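Shown next: my_file-v8.tsv, containing TSV, C-alpha atoms.
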```tsv
chain	number	residue	atom	x	y	z
O	1	CYS	CA	-40.60	-5.88	10.57
O	2	HIS	CA	-38.17	-7.08	13.25
O	3	GLY	CA	-36.49	-9.30	10.67
O	4	SER	CA	-35.52	-6.29	8.53
O	5	ALA	CA	-33.85	-4.36	11.38
O	6	PRO	CA	-30.35	-5.86	10.90
O	7	GLU	CA	-30.58	-5.08	7.18
O	8	MET	CA	-31.49	-1.48	7.92
O	9	PHE	CA	-28.64	-0.84	10.33
O	10	ARG	CA	-25.88	-3.02	8.90
O	11	ASN	CA	-24.02	0.04	7.52
O	12	GLN	CA	-24.54	2.40	10.45
O	13	TYR	CA	-20.74	2.59	10.93
O	14	ASP	CA	-19.75	3.50	7.37
O	15	THR	CA	-21.00	7.08	7.17
O	16	ASP	CA	-17.48	8.53	7.40
O	17	VAL	CA	-13.90	7.36	7.64
O	18	THR	CA	-13.44	8.31	11.31
O	19	THR	CA	-16.09	5.91	12.66
O	20	TRP	CA	-15.00	2.53	13.96
O	21	SER	CA	-17.33	-0.46	13.89
O	22	PRO	CA	-17.62	-2.61	17.04
O	23	GLN	CA	-15.56	-5.24	15.19
O	24	GLY	CA	-12.63	-2.80	14.91
O	25	ARG	CA	-13.13	-2.11	11.20
O	26	ILE	CA	-13.22	1.14	9.22
O	27	HIS	CA	-15.69	0.42	6.45
O	28	GLN	CA	-14.84	3.40	4.25
O	29	VAL	CA	-11.23	2.17	3.98
O	30	GLU	CA	-12.48	-1.31	3.11
O	31	TYR	CA	-14.72	0.17	0.41
O	32	ALA	CA	-11.69	1.95	-1.07
O	33	MET	CA	-9.82	-1.36	-1.11
O	34	GLU	CA	-12.83	-2.89	-2.85
O	35	ALA	CA	-12.53	-0.24	-5.59
O	36	VAL	CA	-9.05	-1.60	-6.31
O	37	LYS	CA	-10.53	-5.08	-6.81
O	38	GLN	CA	-13.03	-3.67	-9.32
O	39	GLY	CA	-10.34	-2.16	-11.57
O	40	SER	CA	-8.75	-4.08	-14.43
O	41	ALA	CA	-5.81	-6.30	-13.58
O	42	CYS	CA	-2.18	-5.19	-13.21
O	43	ILE	CA	0.87	-7.42	-12.85
O	44	GLY	CA	4.29	-6.56	-11.45
O	45	VAL	CA	7.27	-8.95	-11.54
O	46	ARG	CA	10.99	-8.51	-10.95
O	47	SER	CA	14.27	-10.33	-11.40
O	48	LYS	CA	17.67	-9.43	-9.96
O	49	THR	CA	18.20	-7.02	-12.87
O	50	HIS	CA	14.78	-5.80	-14.07
O	51	ALA	CA	11.26	-4.94	-12.91
O	52	VAL	CA	8.29	-5.23	-15.30
O	53	LEU	CA	4.71	-3.93	-15.15
O	54	THR	CA	1.85	-5.08	-17.37
O	55	ALA	CA	-1.79	-4.04	-17.21
O	56	LEU	CA	-5.07	-4.82	-18.93
O	57	LYS	CA	-6.70	-1.71	-20.41
O	58	ARG	CA	-10.47	-1.22	-20.66
O	59	SER	CA	-12.57	0.94	-22.96
O	60	THR	CA	-16.04	2.20	-22.10
O	61	ASN	CA	-17.38	1.17	-25.52
O	62	ASP	CA	-16.24	0.29	-29.04
O	63	MET	CA	-16.00	3.96	-30.05
O	64	SER	CA	-13.72	5.06	-27.19
O	65	SER	CA	-10.00	4.72	-26.66
O	66	PHE	CA	-8.52	2.44	-24.02
O	67	GLN	CA	-7.84	3.86	-20.56
O	68	GLU	CA	-4.16	4.27	-19.75
O	69	LYS	CA	-3.01	2.06	-16.89
O	70	ILE	CA	0.76	2.60	-16.63
O	71	PHE	CA	2.34	5.99	-15.90
O	72	LYS	CA	5.98	7.04	-15.97
O	73	VAL	CA	6.97	8.74	-12.71
O	74	ASP	CA	10.69	9.30	-13.34
O	75	GLU	CA	13.46	7.81	-15.47
O	76	HIS	CA	13.88	4.98	-12.95
O	77	MET	CA	10.29	4.43	-11.83
O	78	GLY	CA	6.74	3.83	-13.06
O	79	ILE	CA	3.34	2.81	-11.69
O	80	ALA	CA	0.46	0.58	-12.78
O	81	ILE	CA	-2.95	1.45	-11.36
O	82	SER	CA	-6.17	-0.34	-10.48
O	83	GLY	CA	-9.20	1.58	-9.25
O	84	LEU	CA	-10.21	5.20	-9.80
O	85	THR	CA	-8.02	6.65	-12.53
O	86	ALA	CA	-8.61	10.25	-11.40
O	87	ASP	CA	-7.25	9.41	-7.94
O	88	ALA	CA	-4.27	7.71	-9.58
O	89	ARG	CA	-3.47	10.81	-11.64
O	90	SER	CA	-3.43	12.89	-8.46
O	91	LEU	CA	-1.04	10.48	-6.73
O	92	CYS	CA	1.13	10.25	-9.86
O	93	LYS	CA	1.43	14.06	-9.95
O	94	PHE	CA	2.48	14.02	-6.29
O	95	MET	CA	5.09	11.34	-7.01
O	96	ARG	CA	6.52	13.25	-9.98
O	97	THR	CA	6.81	16.40	-7.88
O	98	GLU	CA	8.59	14.51	-5.10
O	99	CYS	CA	11.03	13.06	-7.66
O	100	LEU	CA	11.81	16.52	-9.05
O	101	GLU	CA	12.31	18.02	-5.60
O	102	HIS	CA	14.61	15.19	-4.50
O	103	LYS	CA	16.65	15.46	-7.70
O	104	TYR	CA	16.92	19.25	-7.28
O	105	VAL	CA	18.07	19.03	-3.64
O	106	TYR	CA	20.25	15.89	-3.71
O	107	GLU	CA	21.19	15.70	-7.41
O	108	SER	CA	20.25	12.01	-7.49
O	109	PRO	CA	17.09	9.96	-8.16
O	110	VAL	CA	14.84	9.35	-5.17
O	111	PRO	CA	15.15	5.82	-3.69
O	112	VAL	CA	12.10	3.76	-4.62
O	113	GLN	CA	11.09	2.77	-1.08
O	114	ARG	CA	11.36	6.35	0.18
O	115	LEU	CA	8.87	7.58	-2.42
O	116	VAL	CA	6.57	4.61	-1.82
O	117	SER	CA	6.62	5.43	1.90
O	118	ASP	CA	5.75	9.08	1.16
O	119	VAL	CA	2.77	8.00	-0.95
O	120	ALA	CA	1.64	5.63	1.81
O	121	ASP	CA	1.80	8.49	4.32
O	122	LYS	CA	-0.33	10.64	2.01
O	123	CYS	CA	-2.90	7.83	1.71
O	124	GLN	CA	-2.91	7.21	5.46
O	125	VAL	CA	-3.77	10.84	6.26
O	126	CYS	CA	-7.01	10.38	4.31
O	127	THR	CA	-8.05	7.54	6.63
O	128	GLN	CA	-8.01	9.78	9.74
O	129	SER	CA	-9.98	12.84	8.69
O	130	ALA	CA	-13.72	13.20	8.29
O	131	SER	CA	-13.11	15.97	5.73
O	132	ALA	CA	-11.36	13.57	3.30
O	133	ARG	CA	-11.98	10.19	1.78
O	134	PRO	CA	-9.46	7.42	1.13
O	135	PHE	CA	-7.88	7.24	-2.32
O	136	GLY	CA	-9.81	4.62	-4.28
O	137	VAL	CA	-6.80	3.27	-6.17
O	138	GLY	CA	-4.04	0.74	-5.65
O	139	LEU	CA	-0.58	1.32	-7.11
O	140	LEU	CA	1.97	-1.21	-8.27
O	141	VAL	CA	5.27	0.68	-8.23
O	142	ALA	CA	8.20	-0.65	-10.25
O	143	GLY	CA	11.58	0.99	-9.99
O	144	THR	CA	15.30	0.52	-9.69
O	145	ASP	CA	17.87	2.24	-7.48
O	146	GLN	CA	21.24	1.52	-5.89
O	147	THR	CA	19.80	-1.53	-4.12
O	148	GLY	CA	18.42	-3.06	-7.33
O	149	PRO	CA	14.96	-3.45	-8.91
O	150	HIS	CA	11.82	-3.33	-6.76
O	151	ILE	CA	8.08	-4.01	-6.96
O	152	PHE	CA	5.92	-2.36	-4.30
O	153	TYR	CA	2.17	-2.34	-3.73
O	154	ASN	CA	0.57	0.79	-2.25
O	155	CYS	CA	-2.79	0.11	-0.60
O	156	PRO	CA	-5.54	2.75	-0.05
O	157	SER	CA	-5.25	2.04	3.69
O	158	GLY	CA	-1.77	3.59	3.76
O	159	ALA	CA	0.05	0.25	3.97
O	160	PHE	CA	2.74	-0.76	1.48
O	161	PHE	CA	4.51	-4.03	0.79
O	162	GLU	CA	7.43	-5.16	-1.35
O	163	TYR	CA	6.99	-8.23	-3.57
O	164	LYS	CA	8.90	-10.43	-5.96
O	165	ALA	CA	5.67	-10.64	-7.97
O	166	MET	CA	2.24	-9.12	-7.37
O	167	THR	CA	-1.11	-8.70	-9.07
O	168	ILE	CA	-4.06	-6.43	-8.24
O	169	GLY	CA	-7.44	-5.78	-9.82
O	170	ALA	CA	-10.36	-7.83	-11.09
O	171	ARG	CA	-9.92	-11.61	-11.44
O	172	SER	CA	-6.40	-11.25	-10.08
O	173	GLN	CA	-6.56	-14.47	-8.06
O	174	ALA	CA	-6.02	-16.53	-11.22
O	175	ALA	CA	-2.92	-14.50	-12.05
O	176	LYS	CA	-1.71	-14.77	-8.45
O	177	THR	CA	-1.93	-18.56	-8.68
O	178	TYR	CA	0.28	-18.51	-11.78
O	179	LEU	CA	2.79	-16.17	-10.12
O	180	GLU	CA	2.95	-18.32	-6.99
O	181	ARG	CA	3.81	-21.35	-9.12
O	182	HIS	CA	6.61	-19.63	-11.04
O	183	PHE	CA	8.01	-16.71	-8.99
O	184	GLU	CA	11.06	-18.64	-7.81
O	185	SER	CA	12.32	-18.75	-11.40
O	186	PHE	CA	11.92	-14.99	-11.94
O	187	GLU	CA	15.17	-14.08	-10.18
O	188	GLU	CA	17.33	-15.36	-13.06
O	189	CYS	CA	15.04	-14.22	-15.91
O	190	ASP	CA	16.10	-11.66	-18.49
O	191	VAL	CA	13.71	-8.86	-19.38
O	192	ASP	CA	12.08	-10.85	-22.24
O	193	GLY	CA	11.44	-13.78	-19.91
O	194	LEU	CA	9.89	-11.48	-17.32
O	195	VAL	CA	7.61	-9.88	-19.91
O	196	LYS	CA	6.49	-13.33	-21.09
O	197	HIS	CA	5.66	-14.42	-17.53
O	198	ALA	CA	3.83	-11.15	-16.82
O	199	LEU	CA	1.72	-11.40	-19.99
O	200	THR	CA	0.94	-15.07	-19.34
O	201	ALA	CA	-0.24	-14.16	-15.83
O	202	LEU	CA	-2.27	-11.26	-17.25
O	203	LYS	CA	-3.98	-13.59	-19.73
O	204	GLU	CA	-5.21	-15.63	-16.74
O	205	THR	CA	-7.33	-12.63	-15.64
O	206	THR	CA	-9.29	-12.36	-18.90
O	207	PRO	CA	-12.45	-14.24	-19.89
O	208	GLN	CA	-11.74	-17.30	-22.02
O	209	ASN	CA	-13.05	-15.68	-25.21
O	210	GLN	CA	-10.94	-12.50	-24.84
O	211	ASP	CA	-7.49	-12.16	-26.36
O	212	ILE	CA	-4.77	-9.83	-25.17
O	213	ASN	CA	-3.09	-7.67	-27.80
O	214	GLY	CA	-1.19	-4.44	-28.28
O	215	LYS	CA	-4.37	-2.38	-27.96
O	216	ASN	CA	-5.73	-3.64	-24.64
O	217	VAL	CA	-2.43	-4.29	-22.84
O	218	SER	CA	0.21	-1.92	-21.50
```

What is this structure when it is put down as structure tokens?
Amino acid sequence: CHGSAPEMFRNQYDTDVTTWSPQGRIHQVEYAMEAVKQGSACIGVRSKTHAVLTALKRSTNDMSSFQEKIFKVDEHMGIAISGLTADARSLCKFMRTECLEHKYVYESPVPVQRLVSDVADKCQVCTQSASARPFGVGLLVAGTDQTGPHIFYNCPSGAFFEYKAMTIGARSQAAKTYLERHFESFEECDVDGLVKHALTALKETTPQNQDINGKNVS
């Protein structure tokens, strides 16, 4: 009976997002980040002229269509998602609204990092309130502005990072290994070269007997 006590109480600090564990962790946020790892893989790569997103689409069964993984936000920006698609749609709607408002007020496209920061702020608010839960989705944001092309990763914790190449989702470590070996050559690639690298990295995330094709890849 005494041996089962640690098992019984190991999650006593994960009942809501405002409770800290003695180790300084917020388990609900970590669970949201785990949801990103369960989603199908997404790849983002950039050169000095282009940014490219690719994603592996899943279908629930042979009779269903494939789930969309890449969404257009504005003429100069798009996102690839891994995690809960419903949460991603909500964030995508927020991003589109922010783009429209910025264009209406300033008559110019919103800078990529500014919008990424706004999304991160929105995600962070959900990590401080017991009446909300963290967004269970990670976003790879690709866009271009006056400073050039960008790839950002938005984390459910409210953090965001800029990358030359990044992958999220299930089995993404294999793709990350490929990207780490080749990212230094991406800077001079044209768009076709970037797409080839992104698809090659995406293939690394699939089981050996699964092909990638126009149906299951965005």

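When all atoms listed in the file are used to measure the gap to Ile81 of chain O, the shortest distance among O:Thr127, O:Gln12, O:Ser185, O:Asn154 belongs to O:Asn154.
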
Return as a tab-separated table the residues of segment 7-86 of chain O lying at most 12 Å from segment 178-184 of chain O, together with the closest atom-to-atom pair for each and the distance in Å to one decimal, counting all atoms listed in the file, with rows in chain order and ascending residue number.
```
residue	atom	partner	partner_atom	distance
O:Ile43	CA	O:Leu179	CA	9.4
O:Gly44	CA	O:Leu179	CA	9.8
O:Val45	CA	O:Phe183	CA	8.2
O:Arg46	CA	O:Phe183	CA	8.9
O:Ser47	CA	O:Phe183	CA	9.3
O:Lys48	CA	O:Glu184	CA	11.5
```

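In this model, the gap between atom CA of Ala80 of chain O and atom CA of Thr147 of chain O comes to 21.3 Å.
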
Requested in this report: Work out how far atom CA of Ala170 of chain O is from atom CA of Glu187 of chain O, in Å to one decimal.
Outcome: 26.3 Å

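Interatomic distance, atom CA of Ala120 of chain O to atom CA of Ala159 of chain O: 6.0 Å.
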
Which residues of segment 144-194 of chain O come within 9 Å of segment 107-118 of chain O, and for each one, what is the closest pair of atoms and their distance in Å to one decimal, counting only C-alpha atoms, sorted by chain and residue number, as a Markdown table?
```
| residue | atom | partner | partner_atom | distance |
| --- | --- | --- | --- | --- |
| O:Thr144 | CA | O:Val112 | CA | 6.8 |
| O:Asp145 | CA | O:Pro111 | CA | 5.9 |
| O:Gln146 | CA | O:Pro111 | CA | 7.8 |
| O:Thr147 | CA | O:Pro111 | CA | 8.7 |
| O:Pro149 | CA | O:Val112 | CA | 8.9 |
| O:His150 | CA | O:Val112 | CA | 7.4 |
| O:Phe152 | CA | O:Val116 | CA | 7.4 |
| O:Tyr153 | CA | O:Val116 | CA | 8.4 |
| O:Asn154 | CA | O:Val116 | CA | 7.1 |
| O:Gly158 | CA | O:Ser117 | CA | 8.8 |
| O:Ala159 | CA | O:Ser117 | CA | 8.6 |
| O:Phe160 | CA | O:Ser117 | CA | 7.3 |
| O:Glu162 | CA | O:Gln113 | CA | 8.7 |
```

Query raised in the report: Of the residues O:Leu199, O:Leu91, O:Met166, O:Ala86, which is the one nearest to Leu140 of chain O, using all atoms listed in the file?
Result: O:Met166

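Within the 9 Å cut-off around Val29 of chain O, using only C-alpha atoms and omitting residues fewer than 6 positions from it on the same chain, the listed residues are Val17, Thr127, Arg133, Pro134, Phe135, Gly136, Pro156 and Ser157 of chain O.
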
Those same residues, written as a short mmCIF file (atom, residue, chain, number, x, y, z; two decimals), in the frame of the given file with C-alpha atoms?
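Output file result-v5.cif is given in full below:
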```cif
data_model
loop_
_atom_site.label_atom_id
_atom_site.label_comp_id
_atom_site.auth_asym_id
_atom_site.auth_seq_id
_atom_site.Cartn_x
_atom_site.Cartn_y
_atom_site.Cartn_z
CA VAL O 17 -13.90 7.36 7.64
CA THR O 127 -8.05 7.54 6.63
CA ARG O 133 -11.98 10.19 1.78
CA PRO O 134 -9.46 7.42 1.13
CA PHE O 135 -7.88 7.24 -2.32
CA GLY O 136 -9.81 4.62 -4.28
CA PRO O 156 -5.54 2.75 -0.05
CA SER O 157 -5.25 2.04 3.69
#
```

Missing atoms in segment 7-32 of chain O: fill them in up to N, CA, C and O atoms and send the result as a PDB file, keeping the file's coordinate frame.
```
ATOM      1  N   GLU O   7     -30.836  -5.561   8.532  1.00  0.00           N
ATOM      2  CA  GLU O   7     -30.580  -5.080   7.180  1.00  0.00           C
ATOM      3  C   GLU O   7     -30.522  -3.562   7.153  1.00  0.00           C
ATOM      4  O   GLU O   7     -29.684  -2.958   6.501  1.00  0.00           O
ATOM      5  N   MET O   8     -31.399  -2.932   7.925  1.00  0.00           N
ATOM      6  CA  MET O   8     -31.490  -1.480   7.920  1.00  0.00           C
ATOM      7  C   MET O   8     -30.253  -0.829   8.544  1.00  0.00           C
ATOM      8  O   MET O   8     -29.794   0.222   8.097  1.00  0.00           O
ATOM      9  N   PHE O   9     -29.709  -1.469   9.564  1.00  0.00           N
ATOM     10  CA  PHE O   9     -28.640  -0.840  10.330  1.00  0.00           C
ATOM     11  C   PHE O   9     -27.275  -1.476  10.075  1.00  0.00           C
ATOM     12  O   PHE O   9     -26.324  -1.176  10.785  1.00  0.00           O
ATOM     13  N   ARG O  10     -27.139  -2.311   9.071  1.00  0.00           N
ATOM     14  CA  ARG O  10     -25.880  -3.020   8.900  1.00  0.00           C
ATOM     15  C   ARG O  10     -24.740  -2.072   8.498  1.00  0.00           C
ATOM     16  O   ARG O  10     -23.575  -2.378   8.694  1.00  0.00           O
ATOM     17  N   ASN O  11     -25.059  -0.902   7.931  1.00  0.00           N
ATOM     18  CA  ASN O  11     -24.020   0.040   7.520  1.00  0.00           C
ATOM     19  C   ASN O  11     -24.017   1.304   8.366  1.00  0.00           C
ATOM     20  O   ASN O  11     -23.617   2.369   7.919  1.00  0.00           O
ATOM     21  N   GLN O  12     -24.458   1.204   9.611  1.00  0.00           N
ATOM     22  CA  GLN O  12     -24.540   2.400  10.450  1.00  0.00           C
ATOM     23  C   GLN O  12     -23.158   2.931  10.820  1.00  0.00           C
ATOM     24  O   GLN O  12     -23.039   4.058  11.321  1.00  0.00           O
ATOM     25  N   TYR O  13     -22.088   2.153  10.569  1.00  0.00           N
ATOM     26  CA  TYR O  13     -20.740   2.590  10.930  1.00  0.00           C
ATOM     27  C   TYR O  13     -19.903   3.005   9.718  1.00  0.00           C
ATOM     28  O   TYR O  13     -18.701   3.158   9.839  1.00  0.00           O
ATOM     29  N   ASP O  14     -20.536   3.168   8.556  1.00  0.00           N
ATOM     30  CA  ASP O  14     -19.750   3.500   7.370  1.00  0.00           C
ATOM     31  C   ASP O  14     -20.055   4.894   6.832  1.00  0.00           C
ATOM     32  O   ASP O  14     -19.769   5.197   5.683  1.00  0.00           O
ATOM     33  N   THR O  15     -20.627   5.761   7.666  1.00  0.00           N
ATOM     34  CA  THR O  15     -21.000   7.080   7.170  1.00  0.00           C
ATOM     35  C   THR O  15     -19.793   7.984   6.935  1.00  0.00           C
ATOM     36  O   THR O  15     -19.836   8.871   6.106  1.00  0.00           O
ATOM     37  N   ASP O  16     -18.706   7.788   7.684  1.00  0.00           N
ATOM     38  CA  ASP O  16     -17.480   8.530   7.400  1.00  0.00           C
ATOM     39  C   ASP O  16     -16.284   7.690   7.838  1.00  0.00           C
ATOM     40  O   ASP O  16     -16.415   6.662   8.482  1.00  0.00           O
ATOM     41  N   VAL O  17     -15.107   8.166   7.486  1.00  0.00           N
ATOM     42  CA  VAL O  17     -13.900   7.360   7.640  1.00  0.00           C
ATOM     43  C   VAL O  17     -13.352   7.403   9.063  1.00  0.00           C
ATOM     44  O   VAL O  17     -12.403   6.685   9.386  1.00  0.00           O
ATOM     45  N   THR O  18     -13.935   8.224   9.931  1.00  0.00           N
ATOM     46  CA  THR O  18     -13.440   8.310  11.310  1.00  0.00           C
ATOM     47  C   THR O  18     -14.241   7.446  12.277  1.00  0.00           C
ATOM     48  O   THR O  18     -13.978   7.464  13.479  1.00  0.00           O
ATOM     49  N   THR O  19     -15.223   6.711  11.784  1.00  0.00           N
ATOM     50  CA  THR O  19     -16.090   5.910  12.660  1.00  0.00           C
ATOM     51  C   THR O  19     -15.658   4.446  12.643  1.00  0.00           C
ATOM     52  O   THR O  19     -15.615   3.817  11.585  1.00  0.00           O
ATOM     53  N   TRP O  20     -15.350   3.938  13.826  1.00  0.00           N
ATOM     54  CA  TRP O  20     -15.000   2.530  13.960  1.00  0.00           C
ATOM     55  C   TRP O  20     -16.270   1.693  14.134  1.00  0.00           C
ATOM     56  O   TRP O  20     -17.227   2.127  14.774  1.00  0.00           O
ATOM     57  N   SER O  21     -16.263   0.500  13.597  1.00  0.00           N
ATOM     58  CA  SER O  21     -17.330  -0.460  13.890  1.00  0.00           C
ATOM     59  C   SER O  21     -16.966  -1.217  15.164  1.00  0.00           C
ATOM     60  O   SER O  21     -15.796  -1.234  15.568  1.00  0.00           O
ATOM     61  N   PRO O  22     -17.932  -1.851  15.821  1.00  0.00           N
ATOM     62  CA  PRO O  22     -17.620  -2.610  17.040  1.00  0.00           C
ATOM     63  C   PRO O  22     -16.629  -3.756  16.786  1.00  0.00           C
ATOM     64  O   PRO O  22     -15.978  -4.218  17.724  1.00  0.00           O
ATOM     65  N   GLN O  23     -16.503  -4.184  15.539  1.00  0.00           N
ATOM     66  CA  GLN O  23     -15.560  -5.240  15.190  1.00  0.00           C
ATOM     67  C   GLN O  23     -14.139  -4.704  14.935  1.00  0.00           C
ATOM     68  O   GLN O  23     -13.243  -5.459  14.569  1.00  0.00           O
ATOM     69  N   GLY O  24     -13.955  -3.384  15.118  1.00  0.00           N
ATOM     70  CA  GLY O  24     -12.630  -2.800  14.910  1.00  0.00           C
ATOM     71  C   GLY O  24     -12.310  -2.546  13.451  1.00  0.00           C
ATOM     72  O   GLY O  24     -11.139  -2.536  13.065  1.00  0.00           O
ATOM     73  N   ARG O  25     -13.330  -2.336  12.628  1.00  0.00           N
ATOM     74  CA  ARG O  25     -13.130  -2.110  11.200  1.00  0.00           C
ATOM     75  C   ARG O  25     -13.515  -0.675  10.833  1.00  0.00           C
ATOM     76  O   ARG O  25     -14.369  -0.065  11.472  1.00  0.00           O
ATOM     77  N   ILE O  26     -12.853  -0.159   9.790  1.00  0.00           N
ATOM     78  CA  ILE O  26     -13.220   1.140   9.220  1.00  0.00           C
ATOM     79  C   ILE O  26     -13.748   0.857   7.815  1.00  0.00           C
ATOM     80  O   ILE O  26     -12.981   0.594   6.890  1.00  0.00           O
ATOM     81  N   HIS O  27     -15.059   0.902   7.682  1.00  0.00           N
ATOM     82  CA  HIS O  27     -15.690   0.420   6.450  1.00  0.00           C
ATOM     83  C   HIS O  27     -15.317   1.255   5.242  1.00  0.00           C
ATOM     84  O   HIS O  27     -15.174   0.718   4.136  1.00  0.00           O
ATOM     85  N   GLN O  28     -15.170   2.565   5.400  1.00  0.00           N
ATOM     86  CA  GLN O  28     -14.840   3.400   4.250  1.00  0.00           C
ATOM     87  C   GLN O  28     -13.484   3.000   3.648  1.00  0.00           C
ATOM     88  O   GLN O  28     -13.302   3.043   2.429  1.00  0.00           O
ATOM     89  N   VAL O  29     -12.527   2.623   4.492  1.00  0.00           N
ATOM     90  CA  VAL O  29     -11.230   2.170   3.980  1.00  0.00           C
ATOM     91  C   VAL O  29     -11.406   0.841   3.240  1.00  0.00           C
ATOM     92  O   VAL O  29     -10.813   0.624   2.178  1.00  0.00           O
ATOM     93  N   GLU O  30     -12.233  -0.035   3.774  1.00  0.00           N
ATOM     94  CA  GLU O  30     -12.480  -1.310   3.110  1.00  0.00           C
ATOM     95  C   GLU O  30     -13.168  -1.109   1.768  1.00  0.00           C
ATOM     96  O   GLU O  30     -12.892  -1.831   0.801  1.00  0.00           O
ATOM     97  N   TYR O  31     -14.060  -0.115   1.685  1.00  0.00           N
ATOM     98  CA  TYR O  31     -14.720   0.170   0.410  1.00  0.00           C
ATOM     99  C   TYR O  31     -13.707   0.676  -0.618  1.00  0.00           C
ATOM    100  O   TYR O  31     -13.796   0.352  -1.808  1.00  0.00           O
ATOM    101  N   ALA O  32     -12.743   1.477  -0.171  1.00  0.00           N
ATOM    102  CA  ALA O  32     -11.690   1.950  -1.070  1.00  0.00           C
ATOM    103  C   ALA O  32     -10.858   0.776  -1.582  1.00  0.00           C
ATOM    104  O   ALA O  32     -10.486   0.725  -2.760  1.00  0.00           O
TER     105      ALA O  32
END
```
